[in-house]
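Peer 1: As input, take model_39.cif (mmCIF, N, CA and C atoms):
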data_query
#
loop_
_atom_site.label_atom_id
_atom_site.label_comp_id
_atom_site.auth_asym_id
_atom_site.auth_seq_id
_atom_site.Cartn_x
_atom_site.Cartn_y
_atom_site.Cartn_z
N MET Y 45 2.04 -4.84 -12.27
CA MET Y 45 3.06 -4.30 -11.38
C MET Y 45 4.47 -4.55 -11.91
N ARG Y 46 4.62 -5.65 -12.62
CA ARG Y 46 5.96 -5.93 -13.17
C ARG Y 46 6.40 -4.85 -14.15
N LEU Y 47 5.46 -4.42 -14.98
CA LEU Y 47 5.80 -3.37 -15.94
C LEU Y 47 6.19 -2.08 -15.20
N LEU Y 48 5.43 -1.72 -14.18
CA LEU Y 48 5.77 -0.53 -13.39
C LEU Y 48 7.14 -0.69 -12.73
N PHE Y 49 7.43 -1.89 -12.23
CA PHE Y 49 8.74 -2.13 -11.62
C PHE Y 49 9.85 -1.88 -12.65
N TRP Y 50 9.72 -2.48 -13.83
CA TRP Y 50 10.78 -2.34 -14.84
C TRP Y 50 10.93 -0.91 -15.30
N LEU Y 51 9.80 -0.20 -15.46
CA LEU Y 51 9.89 1.21 -15.85
C LEU Y 51 10.57 2.05 -14.76
N ALA Y 52 10.22 1.79 -13.50
CA ALA Y 52 10.84 2.53 -12.39
C ALA Y 52 12.33 2.21 -12.29
N LEU Y 53 12.69 0.96 -12.51
CA LEU Y 53 14.10 0.56 -12.46
C LEU Y 53 14.89 1.26 -13.57
N ILE Y 54 14.34 1.23 -14.77
CA ILE Y 54 15.02 1.89 -15.89
C ILE Y 54 15.16 3.39 -15.62
N PHE Y 55 14.09 4.02 -15.15
CA PHE Y 55 14.14 5.44 -14.83
C PHE Y 55 15.22 5.73 -13.79
N SER Y 56 15.26 4.94 -12.74
CA SER Y 56 16.23 5.15 -11.66
C SER Y 56 17.67 5.00 -12.15
N VAL Y 57 17.92 3.96 -12.92
CA VAL Y 57 19.27 3.70 -13.41
C VAL Y 57 19.71 4.80 -14.38
N VAL Y 58 18.80 5.20 -15.27
CA VAL Y 58 19.14 6.25 -16.24
C VAL Y 58 19.43 7.57 -15.51
N MET Y 59 18.55 7.94 -14.58
CA MET Y 59 18.76 9.19 -13.84
C MET Y 59 20.08 9.17 -13.07
N ALA Y 60 20.42 8.01 -12.51
CA ALA Y 60 21.66 7.89 -11.74
C ALA Y 60 22.90 7.93 -12.63
N GLY Y 61 22.73 7.56 -13.90
CA GLY Y 61 23.87 7.52 -14.80
C GLY Y 61 24.08 8.77 -15.63
N LEU Y 62 23.12 9.69 -15.56
CA LEU Y 62 23.26 10.91 -16.34
C LEU Y 62 24.29 11.85 -15.70
N PRO Y 63 25.14 12.47 -16.52
CA PRO Y 63 26.12 13.41 -15.96
C PRO Y 63 25.44 14.61 -15.30
N ASN Y 64 24.38 15.10 -15.90
CA ASN Y 64 23.63 16.25 -15.36
C ASN Y 64 22.14 15.92 -15.40
N PRO Y 65 21.66 15.17 -14.41
CA PRO Y 65 20.24 14.82 -14.44
C PRO Y 65 19.36 16.06 -14.29
N PRO Y 66 18.16 16.01 -14.85
CA PRO Y 66 17.27 17.18 -14.72
C PRO Y 66 16.89 17.41 -13.26
N ARG Y 67 16.62 18.65 -12.94
CA ARG Y 67 16.22 19.01 -11.58
C ARG Y 67 14.80 18.49 -11.34
N LEU Y 68 14.58 17.97 -10.15
CA LEU Y 68 13.27 17.46 -9.75
C LEU Y 68 12.79 18.21 -8.51
N PRO Y 69 11.48 18.26 -8.27
CA PRO Y 69 10.98 18.94 -7.09
C PRO Y 69 11.51 18.35 -5.77
N ILE Y 70 11.85 17.06 -5.77
CA ILE Y 70 12.33 16.43 -4.53
C ILE Y 70 13.80 16.73 -4.26
N ASP Y 71 14.48 17.39 -5.17
CA ASP Y 71 15.91 17.69 -4.98
C ASP Y 71 16.15 18.51 -3.71
N SER Y 72 15.18 19.32 -3.32
CA SER Y 72 15.37 20.17 -2.14
C SER Y 72 15.45 19.35 -0.84
N TYR Y 73 14.99 18.10 -0.88
CA TYR Y 73 15.04 17.24 0.31
C TYR Y 73 16.39 16.54 0.46
N GLY Y 74 17.22 16.59 -0.54
CA GLY Y 74 18.56 16.02 -0.45
C GLY Y 74 18.71 14.68 -1.16
N ASP Y 75 19.95 14.35 -1.38
CA ASP Y 75 20.31 13.15 -2.12
C ASP Y 75 19.86 11.87 -1.42
N LYS Y 76 20.03 11.82 -0.11
CA LYS Y 76 19.66 10.59 0.62
C LYS Y 76 18.16 10.34 0.53
N PHE Y 77 17.36 11.41 0.59
CA PHE Y 77 15.91 11.26 0.45
C PHE Y 77 15.57 10.66 -0.91
N GLU Y 78 16.26 11.12 -1.96
CA GLU Y 78 16.02 10.59 -3.30
C GLU Y 78 16.35 9.10 -3.36
N HIS Y 79 17.43 8.71 -2.71
CA HIS Y 79 17.79 7.30 -2.66
C HIS Y 79 16.73 6.48 -1.93
N ILE Y 80 16.30 6.98 -0.79
CA ILE Y 80 15.28 6.27 -0.01
C ILE Y 80 14.00 6.13 -0.83
N LEU Y 81 13.58 7.20 -1.46
CA LEU Y 81 12.35 7.18 -2.24
C LEU Y 81 12.45 6.20 -3.41
N ALA Y 82 13.54 6.27 -4.15
CA ALA Y 82 13.71 5.42 -5.32
C ALA Y 82 13.74 3.94 -4.94
N PHE Y 83 14.55 3.60 -3.96
CA PHE Y 83 14.70 2.18 -3.64
C PHE Y 83 13.54 1.64 -2.81
N SER Y 84 12.84 2.49 -2.09
CA SER Y 84 11.61 2.05 -1.42
C SER Y 84 10.55 1.71 -2.45
N ALA Y 85 10.41 2.57 -3.44
CA ALA Y 85 9.44 2.32 -4.51
C ALA Y 85 9.80 1.06 -5.29
N LEU Y 86 11.08 0.90 -5.60
CA LEU Y 86 11.51 -0.30 -6.33
C LEU Y 86 11.23 -1.57 -5.53
N ALA Y 87 11.52 -1.53 -4.23
CA ALA Y 87 11.29 -2.70 -3.38
C ALA Y 87 9.80 -3.05 -3.30
N ALA Y 88 8.96 -2.03 -3.15
CA ALA Y 88 7.51 -2.27 -3.07
C ALA Y 88 6.99 -2.82 -4.40
N LEU Y 89 7.41 -2.22 -5.50
CA LEU Y 89 6.96 -2.71 -6.81
C LEU Y 89 7.47 -4.12 -7.09
N ALA Y 90 8.68 -4.42 -6.67
CA ALA Y 90 9.22 -5.77 -6.87
C ALA Y 90 8.44 -6.79 -6.05
N ALA Y 91 8.11 -6.44 -4.82
CA ALA Y 91 7.34 -7.36 -3.97
C ALA Y 91 5.96 -7.62 -4.56
N LEU Y 92 5.34 -6.58 -5.10
CA LEU Y 92 4.01 -6.74 -5.70
C LEU Y 92 4.08 -7.41 -7.07
N GLY Y 93 5.10 -7.09 -7.84
CA GLY Y 93 5.23 -7.63 -9.19
C GLY Y 93 5.74 -9.05 -9.26
N PHE Y 94 6.47 -9.47 -8.23
CA PHE Y 94 7.04 -10.81 -8.21
C PHE Y 94 6.68 -11.49 -6.89
N PRO Y 95 5.39 -11.74 -6.67
CA PRO Y 95 4.94 -12.24 -5.37
C PRO Y 95 5.48 -13.63 -5.01
N GLY Y 96 5.88 -14.40 -5.98
CA GLY Y 96 6.40 -15.73 -5.71
C GLY Y 96 7.89 -15.76 -5.40
N SER Y 97 8.54 -14.62 -5.53
CA SER Y 97 9.99 -14.56 -5.29
C SER Y 97 10.29 -14.48 -3.80
N LEU Y 98 11.42 -15.03 -3.43
CA LEU Y 98 11.85 -14.92 -2.05
C LEU Y 98 12.19 -13.46 -1.74
N ARG Y 99 11.72 -12.98 -0.62
CA ARG Y 99 11.92 -11.57 -0.26
C ARG Y 99 13.40 -11.23 -0.12
N TRP Y 100 14.18 -12.12 0.45
CA TRP Y 100 15.61 -11.82 0.62
C TRP Y 100 16.30 -11.73 -0.73
N ARG Y 101 15.81 -12.47 -1.72
CA ARG Y 101 16.42 -12.41 -3.05
C ARG Y 101 16.11 -11.07 -3.72
N ILE Y 102 14.89 -10.58 -3.53
CA ILE Y 102 14.54 -9.26 -4.05
C ILE Y 102 15.45 -8.21 -3.41
N ALA Y 103 15.60 -8.28 -2.09
CA ALA Y 103 16.45 -7.32 -1.38
C ALA Y 103 17.90 -7.41 -1.85
N GLU Y 104 18.39 -8.62 -2.01
CA GLU Y 104 19.77 -8.82 -2.46
C GLU Y 104 20.01 -8.19 -3.83
N ARG Y 105 19.10 -8.45 -4.74
CA ARG Y 105 19.31 -7.99 -6.11
C ARG Y 105 19.14 -6.47 -6.24
N LEU Y 106 18.18 -5.92 -5.52
CA LEU Y 106 18.04 -4.47 -5.55
C LEU Y 106 19.23 -3.78 -4.88
N SER Y 107 19.76 -4.38 -3.83
CA SER Y 107 20.95 -3.83 -3.19
C SER Y 107 22.13 -3.86 -4.16
N PHE Y 108 22.22 -4.93 -4.94
CA PHE Y 108 23.27 -5.04 -5.94
C PHE Y 108 23.12 -3.94 -7.00
N VAL Y 109 21.89 -3.64 -7.40
CA VAL Y 109 21.65 -2.55 -8.35
C VAL Y 109 22.15 -1.23 -7.74
N GLY Y 110 21.86 -1.01 -6.47
CA GLY Y 110 22.33 0.20 -5.80
C GLY Y 110 23.85 0.29 -5.80
N ALA Y 111 24.51 -0.84 -5.56
CA ALA Y 111 25.98 -0.86 -5.58
C ALA Y 111 26.50 -0.58 -6.99
N LEU Y 112 25.87 -1.16 -7.99
CA LEU Y 112 26.29 -0.91 -9.38
C LEU Y 112 26.12 0.54 -9.77
N ILE Y 113 25.05 1.16 -9.29
CA ILE Y 113 24.84 2.58 -9.56
C ILE Y 113 25.99 3.39 -8.96
N GLU Y 114 26.37 3.07 -7.74
CA GLU Y 114 27.47 3.82 -7.11
C GLU Y 114 28.78 3.60 -7.85
N VAL Y 115 29.05 2.39 -8.30
CA VAL Y 115 30.26 2.12 -9.07
C VAL Y 115 30.22 2.90 -10.38
N THR Y 116 29.06 2.92 -11.03
CA THR Y 116 28.92 3.67 -12.28
C THR Y 116 29.17 5.16 -12.04
N GLN Y 117 28.69 5.67 -10.93
CA GLN Y 117 28.87 7.08 -10.64
C GLN Y 117 30.33 7.44 -10.32
N SER Y 118 31.17 6.44 -10.14
CA SER Y 118 32.58 6.72 -9.91
C SER Y 118 33.35 6.97 -11.21
N ILE Y 119 32.69 6.79 -12.35
CA ILE Y 119 33.33 7.04 -13.64
C ILE Y 119 33.59 8.55 -13.76
N PRO Y 120 34.85 8.95 -13.91
CA PRO Y 120 35.18 10.38 -13.92
C PRO Y 120 34.41 11.19 -14.96
N ALA Y 121 34.16 10.63 -16.13
CA ALA Y 121 33.49 11.38 -17.20
C ALA Y 121 32.06 11.77 -16.83
N LEU Y 122 31.46 11.08 -15.88
CA LEU Y 122 30.09 11.39 -15.48
C LEU Y 122 30.01 12.57 -14.51
N HIS Y 123 31.12 12.88 -13.87
CA HIS Y 123 31.16 13.97 -12.89
C HIS Y 123 30.12 13.77 -11.78
N ARG Y 124 29.98 12.52 -11.34
CA ARG Y 124 29.05 12.19 -10.25
C ARG Y 124 29.88 11.70 -9.07
N ASP Y 125 29.27 11.60 -7.91
CA ASP Y 125 29.97 11.15 -6.71
C ASP Y 125 29.58 9.72 -6.37
N CYS Y 126 30.57 8.90 -6.13
CA CYS Y 126 30.37 7.54 -5.64
C CYS Y 126 30.46 7.62 -4.12
N ASP Y 127 29.39 7.24 -3.45
CA ASP Y 127 29.33 7.36 -1.99
C ASP Y 127 28.76 6.08 -1.40
N ILE Y 128 29.57 5.37 -0.63
CA ILE Y 128 29.12 4.11 -0.04
C ILE Y 128 27.92 4.33 0.87
N ARG Y 129 27.81 5.52 1.45
CA ARG Y 129 26.66 5.81 2.31
C ARG Y 129 25.36 5.82 1.52
N ASP Y 130 25.43 6.19 0.24
CA ASP Y 130 24.23 6.11 -0.61
C ASP Y 130 23.80 4.66 -0.77
N TRP Y 131 24.75 3.78 -0.99
CA TRP Y 131 24.43 2.35 -1.12
C TRP Y 131 23.87 1.80 0.19
N ILE Y 132 24.41 2.23 1.31
CA ILE Y 132 23.91 1.78 2.61
C ILE Y 132 22.46 2.25 2.80
N VAL Y 133 22.18 3.50 2.46
CA VAL Y 133 20.82 4.03 2.56
C VAL Y 133 19.89 3.24 1.64
N ASP Y 134 20.35 2.96 0.42
CA ASP Y 134 19.55 2.16 -0.52
C ASP Y 134 19.19 0.82 0.12
N THR Y 135 20.20 0.15 0.66
CA THR Y 135 20.01 -1.18 1.21
C THR Y 135 19.09 -1.17 2.42
N VAL Y 136 19.24 -0.20 3.29
CA VAL Y 136 18.35 -0.11 4.46
C VAL Y 136 16.91 0.11 4.01
N ALA Y 137 16.70 1.01 3.06
CA ALA Y 137 15.35 1.26 2.55
C ALA Y 137 14.76 -0.01 1.93
N ILE Y 138 15.57 -0.71 1.17
CA ILE Y 138 15.12 -1.95 0.51
C ILE Y 138 14.71 -2.98 1.56
N VAL Y 139 15.54 -3.19 2.56
CA VAL Y 139 15.26 -4.20 3.58
C VAL Y 139 14.00 -3.84 4.36
N VAL Y 140 13.87 -2.58 4.77
CA VAL Y 140 12.69 -2.16 5.54
C VAL Y 140 11.42 -2.38 4.72
N VAL Y 141 11.41 -1.91 3.49
CA VAL Y 141 10.21 -2.05 2.66
C VAL Y 141 9.94 -3.51 2.33
N THR Y 142 10.97 -4.29 2.08
CA THR Y 142 10.79 -5.70 1.78
C THR Y 142 10.17 -6.44 2.97
N VAL Y 143 10.63 -6.15 4.17
CA VAL Y 143 10.06 -6.78 5.36
C VAL Y 143 8.61 -6.35 5.54
N VAL Y 144 8.34 -5.06 5.41
CA VAL Y 144 6.97 -4.57 5.56
C VAL Y 144 6.06 -5.19 4.51
N MET Y 145 6.52 -5.23 3.27
CA MET Y 145 5.71 -5.83 2.20
C MET Y 145 5.49 -7.31 2.45
N GLY Y 146 6.48 -7.99 3.00
CA GLY Y 146 6.31 -9.40 3.33
C GLY Y 146 5.18 -9.60 4.33
N PHE Y 147 5.14 -8.76 5.35
CA PHE Y 147 4.05 -8.85 6.33
C PHE Y 147 2.71 -8.50 5.71
N LEU Y 148 2.67 -7.45 4.91
CA LEU Y 148 1.41 -7.04 4.29
C LEU Y 148 0.88 -8.08 3.32
N LEU Y 149 1.76 -8.63 2.51
CA LEU Y 149 1.33 -9.64 1.55
C LEU Y 149 0.93 -10.94 2.24
N ARG Y 150 1.62 -11.28 3.31
CA ARG Y 150 1.27 -12.48 4.07
C ARG Y 150 -0.09 -12.29 4.73
N ARG Y 151 -0.35 -11.10 5.21
CA ARG Y 151 -1.64 -10.81 5.85
C ARG Y 151 -2.76 -10.90 4.81
N ARG Y 152 -2.49 -10.41 3.61
CA ARG Y 152 -3.48 -10.47 2.53
C ARG Y 152 -3.70 -11.89 2.04
N ASP Y 153 -2.61 -12.67 1.97
CA ASP Y 153 -2.69 -14.05 1.51
C ASP Y 153 -1.92 -14.93 2.47
N PRO Y 154 -2.60 -15.54 3.46
CA PRO Y 154 -1.91 -16.32 4.48
C PRO Y 154 -1.16 -17.54 3.92
N ASP Y 155 -1.49 -17.96 2.72
CA ASP Y 155 -0.79 -19.09 2.12
C ASP Y 155 0.45 -18.69 1.34
N GLU Y 156 0.82 -17.42 1.47
CA GLU Y 156 1.99 -16.89 0.77
C GLU Y 156 3.20 -17.75 1.10
N SER Y 157 3.81 -18.32 0.08
CA SER Y 157 4.93 -19.22 0.31
C SER Y 157 6.27 -18.50 0.35
N ALA Y 158 6.33 -17.30 -0.22
CA ALA Y 158 7.59 -16.57 -0.23
C ALA Y 158 7.84 -15.98 1.15
N VAL Y 159 8.97 -16.30 1.70
CA VAL Y 159 9.29 -15.83 3.04
C VAL Y 159 10.44 -14.85 2.99
N ILE Y 160 10.61 -14.14 4.06
CA ILE Y 160 11.68 -13.15 4.14
C ILE Y 160 13.01 -13.85 4.23
#
Represent the structure contained in this file as structure tokens.
Peer 2:
Amino acid sequence: MRLLFWLALIFSVVMAGLPNPPRLPIDSYGDKFEHILAFSALAALAALGFPGSLRWRIAERLSFVGALIEVTQSIPALHRDCDIRDWIVDTVAIVVVTVVMGFLLRRRDPDESAVI
């Protein structure tokens, strides 16, 4: 799962940093949907790939990645939009999935020491 997490993270960061990213089938659902999908997947993969990590630390660091993406998109040469609402959507998706994964992993392994 760690490898999948790192590949998904690299893919997400590269796509967010491209001036003209390729069109994807999910584009028709809108930008916010893409953010929710990307950061939900990253949060789930991080929870599975790093089961010993504190859940709040996973959420914090993924939220920071979302903020860095938005700052990067503010670079004029990229012709992308920096939108704080995108970062807020990222963070909400991360927190929701992290909490859900915490419950699911705890249910699977009651001795799970990593807490939310």
Peer 1: Do you have the atom CA of Y:Gly93-atom C of Y:Arg46 distance handy?
Peer 2: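 Value for the atom CA of Y:Gly93-atom C of Y:Arg46 distance: 5.8 Å.
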Peer 1: For the structure provided, state which residues fall under the PyMOL selection byres (((chain Y and resi 115 and name CA) around 12) and name CA), and present them as a list of chain:residue names.
Peer 2: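 With the PyMOL selection byres (((chain Y and resi 115 and name CA) around 12) and name CA) on this model, the match is Y:Val57, Y:Ala60, Y:Gly61, Y:Phe108, Y:Val109, Y:Gly110, Y:Ala111, Y:Leu112, Y:Ile113, Y:Glu114, Y:Thr116, Y:Gln117, Y:Ser118, Y:Ile119, Y:Pro120, Y:Leu122, Y:Arg124, Y:Asp125, Y:Cys126, Y:Asp127, Y:Ile128, Y:Asp130, Y:Trp131.
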Peer 1: Between Y:Ile80, Y:Val136, Y:Leu89, Y:Arg105, single out the one closest to Y:Met45, counting all atoms listed in the file.
Peer 2: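 Checking each candidate against Y:Met45, we get Y:Leu89 as the closest.
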Peer 1: Could you find all residues in stretch 57-133 of chain Y that DSSP calls alpha helix (DSSP H) from the backbone, and write them as JSON, numbers by chain?
Peer 2: {"Y": [57, 58, 59, 60, 61, 75, 76, 77, 78, 79, 80, 81, 82, 83, 84, 85, 86, 87, 88, 89, 90, 91, 92, 93, 99, 100, 101, 102, 103, 104, 105, 106, 107, 108, 109, 110, 111, 112, 113, 114, 115, 116, 128, 129, 130, 131, 132, 133]}
Peer 1: Run the PyMOL selection byres (((chain Y and resi 91 and name CA) around 10) and name CA) mentally over the shown coordinates, then write out the matched residues as an MDAnalysis selection string, using the chain letters and numbers from the document.
Peer 2: chainID Y and resid 45:46 49 85:90 92:99 102:103 141:146 149 158
Peer 1: From the list Y:His123, Y:Ser56, Y:Leu51, Y:Val139, which residue is nearest Y:Glu104 when using all atoms listed in the file?
Peer 2: Y:Val139
Peer 1: Figure out the distance between atom C of Y:Val133 and atom N of Y:Pro65, please, to one decimal in Å.
Peer 2: 20.1 Å
Peer 1: Provide an axis-aligned box for all listed atoms of stretch 104-109 of chain Y, padding each side by 5 Å; report its centre and its edge lengths in Å to one decimal, as lines of an AutoDock Vina configuration file.
Peer 2:
center_x = 20.7
center_y = -5.0
center_z = -5.2
size_x = 15.2
size_y = 17.6
size_z = 16.3
Peer 1: For atom CA of Y:Asp75 and atom N of Y:Asp134, quote the distance in Å rounded to one decimal.
Peer 2: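 Answer for the atom CA of Y:Asp75 to atom N of Y:Asp134 separation: 10.5 Å.
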Peer 1: When distances are computed from only N, CA and C atoms, which of Y:Arg151, Y:Ala137, Y:Arg101, Y:Ala82 shows the smallest separation from Y:Ala52?
Peer 2: Y:Ala82
Peer 1: Looking at only N, CA and C atoms, which of Y:Val140, Y:Arg150, Y:Trp50, Y:Arg129 is the one that sits closest to Y:Lys76?
Peer 2: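 Residue with the minimum atom-to-atom distance to Y:Lys76: Y:Arg129.
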